[in-house]
Amino acid sequence: MLSLLILQRMLPRQFKLRTLLKLAGVVVFLWLALSALVPSWHDLETVEHVKAIQRRQKFPTQGPLDKLSRILKPNEIVPAVTKPARTLHERLKPKLSGSIGRPPPPRQDLWDDLGVARNDEEIQERETGYATYAFNTLVSRRIGLSRDIPDTRHRACRKLEYPKPAHLPTASVIICYFHEEYHTLLRTVHSVLDRSPAKNLQEIILVNDQSDIDIATNLTQHFHRNKLDHLVRVISSPERLGLIRARIFGARQATGQVLVFLDSHVEANQGWLEPLLSRIHQNRSHVVTPIIDIINADTFKYESSPLVRGGFNWGLHFKWDSVTRDELQNEEAFAQPIKSPTMAGGLFAMDRKFFHDLGEYDPGLDIWGGENLELSFRVWMCGGALEIIPCSRVGHVFRKRRPYGGNEADTMIRNSLRVARVWMDDYIEHYFKINPDARKVDYGDVSSRLELRKSLQCKDFKWYMDNVYPDLRPPSEDEDDALVKADRVRFEPWNKRTRRYLRAFWIRLSGTRFCVRSAGEASVKKSLLVLGPCMRNKEYLWYETDKQEVILAQLLCLDAEGKDRRPKLMKCHELRGHQEWKFRSAEASAIYNMAAGLCLTAKEKKMGGKVILDVCSDGDSHMWDLSEIEQEL
């Protein structure tokens, strides 16, 4: 105070004591701010001390899960490594960095994934898409009309040479749609346009089967706006026909030499069309199908499928059979056509005149189901051959359910019975052994189809069984033949399957003593997740696999499926999607689910706090430390 009085005498009289006090306050504030911005030697010592603790904190090597009790003390609380409080400089840095008017760069521990939901509106879009179309429409829209996909052909395919486009037949691609998502259908069309030889692509015919979601006008405008209406036609059936009769309707308006039928949610791969046309060019009675690759309905990730052939069981349900090693003894065999007893039916190519001469589809079949087996039997028994072409690849969105109504069970029984009555002769008794109630089902008038079989001079079903599908045993033999039982693949329970575990860890909420645990016991399906003190028992022990699964106690998978945004423990299905998780680092990382597009989040930072899924952010409740445990996996 004395110094202030002296200073007042030295300064001009207009400076009063109040003014001097204000100046003193400013000086003190600037000194304090400068002290906070420059870290002290003590702060640096604290940071180095914490890092040293983290380097020294090693858990003993663990054995398998059943040995944990001998290594770890039950219910022992794992000490948390507390981080030093951020200085004023650290807290202000995000606001001061970067150019004015631009947002700070995205954090490296968050995801800029195609499927990430950034707000509630996008979460709603994804959920509505699943409910309406049974796949992730948020991802589908973001992908756009075209994208790069992996070339999944075997390397032997690249050595093959096909006739020049001028020497191959022209193709009419027929795509029927009902209740289809606009962007997915457009991407189907553009994949065909982008990856087909222009000289061989006669036309693409989109058949609107009186879809309950009206996108026909939008489609027509899109093709006109992009000057594609000379190549792509949208035609509408006069009434709802169902897939089978809609394909007949489209085929009768086609002008190409070959008909190529595709589903409305596929993506043609590189060089897909030439192998199909070349095989038909060699013999017009060849009916050929591509290898159907997998497009994940949750993430739209494109993945290769193995070489398989089509089969069926005595209930007339389609199934895939493996191609044996004896058939693939050298590299060239991976590029050769594979004879197939049946086809899946969604994707195939056939000479247009042969299709009509052979009787098209059976128009008495309703909506969907059984038409693939009916056409397969007819092709083989009436002078044709059915083959899978490994060097032609088309990806297909495999959904977990059909997203639209209709009594599918009744349609399947009626259709399959109709197929059996026309083509299976005495073998129909095997069908009735599996479906005894089918004897009472009305399958309609099949007289015209029986007359067609007679006029085409088709072989009997015994010839088909002896020459095309000798591997299918009658039901009684399947039950009694010990050799068949010995050859069957041994069923491995889901919880005892061999998995490759990469590491074991606790999931700790960053900067806290809380870890993620199951609300119930580790073996209870549908258990929700909560926070608890980081204890060394199996309810807290998580494992990462090479399939990016996160498994609790090597028993149940962390699963993000459900509208309630509550992750839960479920049986591991090994199909990725809602059980596929990503994280970038072991410390302060978001844990992201690709299918949900959301991140693991602590709703409340307290004992028993709920663990939910929420929009990914860099907030403290979204950041997790994966504290590893070294043990034999």
# chains A, B, ... in the order shown; residues from 1 in each chain; ligands from 1
$ residues_around --residues "region 354-361 of chain A" --least-positions-apart "5" --cutoff "9 Å" --atoms "only C-alpha atoms" --output "list in words"
Ile244, Arg245, Arg247, Ile248, Ala251, Arg252, Leu259, Arg284, Ser285, Glu371, Glu374, Leu375, Arg378, Val379, Cys382, Arg449, Leu452 and Leu456 of chain A
$ residues_around --residues "Lys547 (chain A)" --least-positions-apart "4" --cutoff "12 Å" --atoms "only C-alpha atoms" --output "list in words"
Arg499, Arg500, Tyr501, Leu502, Tyr543, Ile551, Cys557, Cys572, His573, Glu574, Leu575, Arg576, Gly577, Gln579, Glu580, Trp581 and Lys582 of chain A
$ residues_around --residues "Gly256 (chain A)" --least-positions-apart "5" --cutoff "9 Å" --atoms "only C-alpha atoms" --output "mmCIF file with C-alpha atoms, in the first residue's frame"
data_model
loop_
_atom_site.group_PDB
_atom_site.id
_atom_site.type_symbol
_atom_site.label_atom_id
_atom_site.label_comp_id
_atom_site.auth_asym_id
_atom_site.auth_seq_id
_atom_site.Cartn_x
_atom_site.Cartn_y
_atom_site.Cartn_z
ATOM 1 C CA PRO A 169 -23.872 -62.387 -78.518
ATOM 2 C CA THR A 170 -25.678 -59.308 -77.229
ATOM 3 C CA ALA A 171 -27.308 -59.311 -73.802
ATOM 4 C CA SER A 172 -30.550 -57.971 -72.379
ATOM 5 C CA VAL A 173 -30.171 -57.529 -68.605
ATOM 6 C CA ASN A 200 -22.519 -56.577 -75.981
ATOM 7 C CA LEU A 201 -24.902 -54.693 -73.697
ATOM 8 C CA GLN A 202 -28.063 -54.455 -75.783
ATOM 9 C CA GLU A 203 -30.258 -53.012 -73.027
ATOM 10 C CA ARG A 352 -33.209 -65.977 -75.273
#
$ residues_around --residues "Phe461 (chain A)" --least-positions-apart "2" --cutoff "10 Å" --atoms "only C-alpha atoms" --output "JSON list (two decimals) with C-alpha atoms, in the first residue's frame"
[["chain", "number", "residue", "atom", "x", "y", "z"],
["A", 377, "PHE", "CA", -34.66, -79.74, -63.44],
["A", 380, "TRP", "CA", -30.95, -80.80, -67.29],
["A", 381, "MET", "CA", -33.79, -83.20, -68.16],
["A", 423, "TRP", "CA", -40.77, -83.40, -62.54],
["A", 424, "MET", "CA", -40.00, -85.87, -59.74],
["A", 425, "ASP", "CA", -41.97, -88.96, -60.87],
["A", 426, "ASP", "CA", -41.91, -91.66, -58.15],
["A", 427, "TYR", "CA", -39.28, -89.74, -56.19],
["A", 428, "ILE", "CA", -42.09, -87.47, -55.01],
["A", 458, "CYS", "CA", -37.42, -84.78, -71.45],
["A", 459, "LYS", "CA", -35.65, -87.54, -69.52],
["A", 463, "TRP", "CA", -31.78, -90.18, -65.08],
["A", 464, "TYR", "CA", -31.30, -86.84, -63.34],
["A", 465, "MET", "CA", -30.48, -88.54, -60.03],
["A", 466, "ASP", "CA", -28.08, -91.03, -61.62],
["A", 467, "ASN", "CA", -26.24, -88.60, -63.91],
["A", 468, "VAL", "CA", -26.58, -85.12, -62.44]]
$ residues_around --residues "region 326-340 of chain A" --least-positions-apart "6" --cutoff "7 Å" --atoms "only C-alpha atoms" --output "PyMOL selection string"
chain A and resi 154+156-157+309-310+386-391
$ closest_residue --among "A:Phe398, A:Trp314, A:Tyr133, A:Trp368" --to "Val266 (chain A)" --atoms "only C-alpha atoms"
A:Phe398
$ residues_around --residues "region 610-620 of chain A" --least-positions-apart "2" --cutoff "9 Å" --atoms "only C-alpha atoms" --output "MDAnalysis selection string"
chainID A and resid 107 109:111 116:120 123 509:511 516 528:531 560 564:567 588:593 596:606 608 622:624
$ write_last_selection --atoms "N, CA and C atoms" --output "CSV table (one decimal), in the first residue's frame"
chain,number,residue,atom,x,y,z
A,107,ARG,N,-10.2,-35.9,-34.6
A,107,ARG,CA,-9.3,-36.7,-33.8
A,107,ARG,C,-9.0,-38.0,-34.5
A,109,ASP,N,-8.6,-40.9,-33.1
A,109,ASP,CA,-9.2,-42.0,-32.4
A,109,ASP,C,-10.7,-42.1,-32.6
A,110,LEU,N,-11.2,-41.3,-33.6
A,110,LEU,CA,-12.6,-41.4,-33.9
A,110,LEU,C,-12.7,-41.8,-35.4
A,111,TRP,N,-13.9,-42.1,-35.8
A,111,TRP,CA,-14.0,-42.7,-37.2
A,111,TRP,C,-14.8,-41.8,-38.1
A,116,VAL,N,-20.9,-44.3,-40.1
A,116,VAL,CA,-21.0,-43.6,-38.9
A,116,VAL,C,-22.2,-42.6,-38.9
A,117,ALA,N,-23.0,-42.7,-37.8
A,117,ALA,CA,-24.2,-41.8,-37.6
A,117,ALA,C,-23.7,-40.6,-36.8
A,118,ARG,N,-23.9,-39.4,-37.4
A,118,ARG,CA,-23.3,-38.2,-36.7
A,118,ARG,C,-24.4,-37.4,-35.9
A,119,ASN,N,-25.6,-37.8,-36.0
A,119,ASN,CA,-26.7,-37.1,-35.3
A,119,ASN,C,-27.9,-38.0,-35.2
A,120,ASP,N,-28.9,-37.6,-34.5
A,120,ASP,CA,-30.1,-38.4,-34.3
A,120,ASP,C,-30.9,-38.6,-35.6
A,123,ILE,N,-29.3,-41.5,-37.3
A,123,ILE,CA,-29.6,-42.7,-36.6
A,123,ILE,C,-31.0,-43.2,-37.0
A,509,LEU,N,-13.1,-47.0,-18.6
A,509,LEU,CA,-13.5,-45.7,-19.0
A,509,LEU,C,-12.3,-44.8,-18.7
A,510,SER,N,-11.8,-44.1,-19.7
A,510,SER,CA,-10.6,-43.3,-19.5
A,510,SER,C,-10.6,-42.3,-18.4
A,511,GLY,N,-9.6,-42.3,-17.5
A,511,GLY,CA,-9.5,-41.3,-16.4
A,511,GLY,C,-10.4,-41.7,-15.2
A,516,VAL,N,-16.0,-51.9,-18.0
A,516,VAL,CA,-17.2,-52.4,-18.5
A,516,VAL,C,-17.3,-53.9,-18.1
A,528,LEU,N,-27.0,-57.1,-20.4
A,528,LEU,CA,-26.6,-55.8,-20.8
A,528,LEU,C,-25.3,-55.5,-20.1
A,529,LEU,N,-24.7,-54.3,-20.4
A,529,LEU,CA,-23.4,-53.9,-19.9
A,529,LEU,C,-23.6,-52.7,-18.9
A,530,VAL,N,-22.8,-52.7,-17.9
A,530,VAL,CA,-22.8,-51.6,-16.9
A,530,VAL,C,-21.3,-51.4,-16.5
A,531,LEU,N,-21.1,-50.3,-15.8
A,531,LEU,CA,-19.8,-50.0,-15.2
A,531,LEU,C,-19.7,-50.5,-13.8
A,560,ALA,N,-24.2,-55.2,-31.1
A,560,ALA,CA,-24.8,-53.8,-31.2
A,560,ALA,C,-26.2,-53.8,-31.7
A,564,ASP,N,-32.8,-50.2,-29.1
A,564,ASP,CA,-32.7,-49.5,-27.8
A,564,ASP,C,-31.3,-48.9,-27.5
A,565,ARG,N,-30.4,-49.2,-28.5
A,565,ARG,CA,-29.0,-48.7,-28.3
A,565,ARG,C,-28.3,-49.2,-27.1
A,566,ARG,N,-28.7,-50.4,-26.7
A,566,ARG,CA,-28.0,-51.0,-25.5
A,566,ARG,C,-27.3,-52.2,-26.0
A,567,PRO,N,-25.9,-52.2,-26.1
A,567,PRO,CA,-25.2,-53.3,-26.5
A,567,PRO,C,-25.4,-54.5,-25.5
A,588,ALA,N,-7.4,-44.2,-24.5
A,588,ALA,CA,-8.2,-43.1,-24.9
A,588,ALA,C,-8.7,-43.2,-26.4
A,589,SER,N,-9.4,-44.4,-26.6
A,589,SER,CA,-9.9,-44.6,-28.0
A,589,SER,C,-11.4,-44.8,-27.9
A,590,ALA,N,-12.0,-44.4,-29.0
A,590,ALA,CA,-13.4,-44.7,-29.2
A,590,ALA,C,-13.5,-46.2,-29.6
A,591,ILE,N,-14.6,-46.9,-29.2
A,591,ILE,CA,-14.9,-48.2,-29.6
A,591,ILE,C,-16.1,-48.2,-30.5
A,592,TYR,N,-15.9,-48.5,-31.8
A,592,TYR,CA,-16.9,-48.2,-32.8
A,592,TYR,C,-17.5,-49.5,-33.5
A,593,ASN,N,-18.8,-49.5,-33.6
A,593,ASN,CA,-19.4,-50.6,-34.3
A,593,ASN,C,-19.8,-50.2,-35.7
A,596,ALA,N,-23.8,-50.5,-36.6
A,596,ALA,CA,-24.7,-49.5,-35.9
A,596,ALA,C,-24.2,-48.1,-36.2
A,597,GLY,N,-23.0,-47.9,-36.6
A,597,GLY,CA,-22.5,-46.6,-36.9
A,597,GLY,C,-22.3,-45.7,-35.6
A,598,LEU,N,-22.3,-46.4,-34.5
A,598,LEU,CA,-22.2,-45.7,-33.2
A,598,LEU,C,-21.1,-46.2,-32.4
A,599,CYS,N,-20.8,-45.5,-31.3
A,599,CYS,CA,-19.7,-45.8,-30.4
A,599,CYS,C,-20.2,-46.2,-29.0
A,600,LEU,N,-19.4,-47.0,-28.4
A,600,LEU,CA,-19.6,-47.4,-27.0
A,600,LEU,C,-19.5,-46.2,-26.1
A,601,THR,N,-20.5,-46.0,-25.2
A,601,THR,CA,-20.6,-44.8,-24.4
A,601,THR,C,-21.0,-45.1,-23.0
A,602,ALA,N,-20.4,-44.4,-22.0
A,602,ALA,CA,-20.9,-44.5,-20.7
A,602,ALA,C,-22.0,-43.5,-20.4
A,603,LYS,N,-23.2,-43.9,-20.2
A,603,LYS,CA,-24.3,-42.9,-20.0
A,603,LYS,C,-24.1,-42.1,-18.7
A,604,GLU,N,-23.6,-42.8,-17.7
A,604,GLU,CA,-23.3,-42.2,-16.4
A,604,GLU,C,-22.0,-42.7,-15.8
A,605,LYS,N,-21.2,-41.8,-15.3
A,605,LYS,CA,-19.9,-42.2,-14.8
A,605,LYS,C,-20.0,-42.5,-13.3
A,606,LYS,N,-20.6,-43.7,-13.1
A,606,LYS,CA,-20.8,-44.1,-11.7
A,606,LYS,C,-20.9,-45.6,-11.6
A,608,GLY,N,-22.4,-49.0,-11.6
A,608,GLY,CA,-23.7,-49.5,-12.2
A,608,GLY,C,-24.2,-48.6,-13.3
A,622,HIS,N,-16.9,-41.2,-24.1
A,622,HIS,CA,-16.8,-42.1,-25.2
A,622,HIS,C,-15.4,-42.7,-25.3
A,623,MET,N,-14.5,-42.3,-24.5
A,623,MET,CA,-13.1,-42.7,-24.6
A,623,MET,C,-12.8,-43.9,-23.6
A,624,TRP,N,-12.1,-44.9,-24.1
A,624,TRP,CA,-11.8,-46.1,-23.3
A,624,TRP,C,-10.4,-46.5,-23.4
$ select_by_dssp --residues "region 163-278 of chain A" --states "alpha helix (DSSP H)" --output "ChimeraX atom specification"
/A:182-194,216-225,243-251,273-278
$ write_last_selection --atoms "C-alpha atoms" --output "mmCIF file, in the first residue's frame"
data_model
loop_
_atom_site.group_PDB
_atom_site.id
_atom_site.type_symbol
_atom_site.label_atom_id
_atom_site.label_comp_id
_atom_site.auth_asym_id
_atom_site.auth_seq_id
_atom_site.Cartn_x
_atom_site.Cartn_y
_atom_site.Cartn_z
ATOM 1 C CA TYR A 182 -33.649 -46.279 -54.798
ATOM 2 C CA HIS A 183 -29.865 -45.867 -54.394
ATOM 3 C CA THR A 184 -29.206 -49.607 -54.182
ATOM 4 C CA LEU A 185 -31.173 -50.231 -57.381
ATOM 5 C CA LEU A 186 -29.378 -47.406 -59.205
ATOM 6 C CA ARG A 187 -26.010 -48.785 -58.125
ATOM 7 C CA THR A 188 -27.045 -52.173 -59.522
ATOM 8 C CA VAL A 189 -27.756 -50.566 -62.896
ATOM 9 C CA HIS A 190 -24.601 -48.446 -62.949
ATOM 10 C CA SER A 191 -22.389 -51.410 -62.051
ATOM 11 C CA VAL A 192 -23.729 -53.202 -65.133
ATOM 12 C CA LEU A 193 -23.222 -50.106 -67.296
ATOM 13 C CA ASP A 194 -19.703 -49.468 -66.002
ATOM 14 C CA ALA A 216 -40.407 -45.415 -61.284
ATOM 15 C CA THR A 217 -40.668 -41.686 -62.106
ATOM 16 C CA ASN A 218 -37.408 -40.912 -60.303
ATOM 17 C CA LEU A 219 -35.662 -43.729 -62.155
ATOM 18 C CA THR A 220 -36.927 -42.562 -65.542
ATOM 19 C CA GLN A 221 -35.870 -38.976 -64.846
ATOM 20 C CA HIS A 222 -32.418 -40.107 -63.692
ATOM 21 C CA PHE A 223 -31.761 -42.077 -66.871
ATOM 22 C CA HIS A 224 -33.085 -39.260 -69.079
ATOM 23 C CA ARG A 225 -31.004 -36.644 -67.245
ATOM 24 C CA LEU A 243 -41.031 -62.158 -59.332
ATOM 25 C CA ILE A 244 -41.606 -65.222 -61.504
ATOM 26 C CA ARG A 245 -44.251 -63.794 -63.817
ATOM 27 C CA ALA A 246 -42.563 -60.360 -63.804
ATOM 28 C CA ARG A 247 -39.453 -61.996 -65.254
ATOM 29 C CA ILE A 248 -41.549 -63.590 -67.985
ATOM 30 C CA PHE A 249 -43.067 -60.153 -68.680
ATOM 31 C CA GLY A 250 -39.604 -58.594 -69.002
ATOM 32 C CA ALA A 251 -38.131 -61.433 -71.070
ATOM 33 C CA LEU A 273 -20.327 -60.539 -68.588
ATOM 34 C CA GLU A 274 -17.778 -61.881 -71.100
ATOM 35 C CA PRO A 275 -17.360 -65.343 -69.452
ATOM 36 C CA LEU A 276 -21.139 -65.857 -69.421
ATOM 37 C CA LEU A 277 -21.636 -64.831 -73.043
ATOM 38 C CA SER A 278 -18.627 -66.821 -74.201
#
$ select_by_dssp --residues "region 324-486 of chain A" --states "strand (DSSP E or B)" --output "compact mmCIF listing (two decimals) with C-alpha atoms, in the first residue's frame"
# COMPACT_ATOMS: atom_id res chain seq x y z
CA ILE A 338 -18.46 -76.18 -62.77
CA LYS A 339 -21.45 -78.43 -63.45
CA THR A 342 -29.34 -76.58 -59.44
CA PHE A 348 -28.17 -66.39 -64.41
CA ALA A 349 -27.80 -66.05 -68.18
CA MET A 350 -29.55 -68.06 -70.92
CA ASP A 351 -29.98 -67.91 -74.66
CA ALA A 385 -26.66 -78.07 -69.04
CA LEU A 386 -26.39 -75.86 -65.97
CA GLU A 387 -22.97 -74.49 -65.04
CA ILE A 388 -21.37 -72.05 -62.60
CA ILE A 389 -18.72 -69.84 -64.21
CA PRO A 390 -16.00 -69.04 -61.61
CA CYS A 391 -14.54 -66.16 -63.65
CA SER A 392 -17.83 -64.24 -63.52
CA ARG A 393 -18.47 -62.55 -60.18
CA VAL A 394 -21.49 -60.55 -59.02
CA GLY A 395 -21.97 -59.31 -55.45
CA HIS A 396 -25.37 -59.71 -53.79
CA VAL A 397 -26.75 -58.00 -50.67
CA PHE A 398 -27.71 -60.89 -48.40
$ atom_distance --atom1 "CA of Thr299 (chain A)" --atom2 "CA of Asp148 (chain A)"
14.9 Å
$ closest_residue --among "A:His167, A:Arg418, A:Arg142, A:Lys526" --to "Gln282 (chain A)" --atoms "only C-alpha atoms"
A:His167
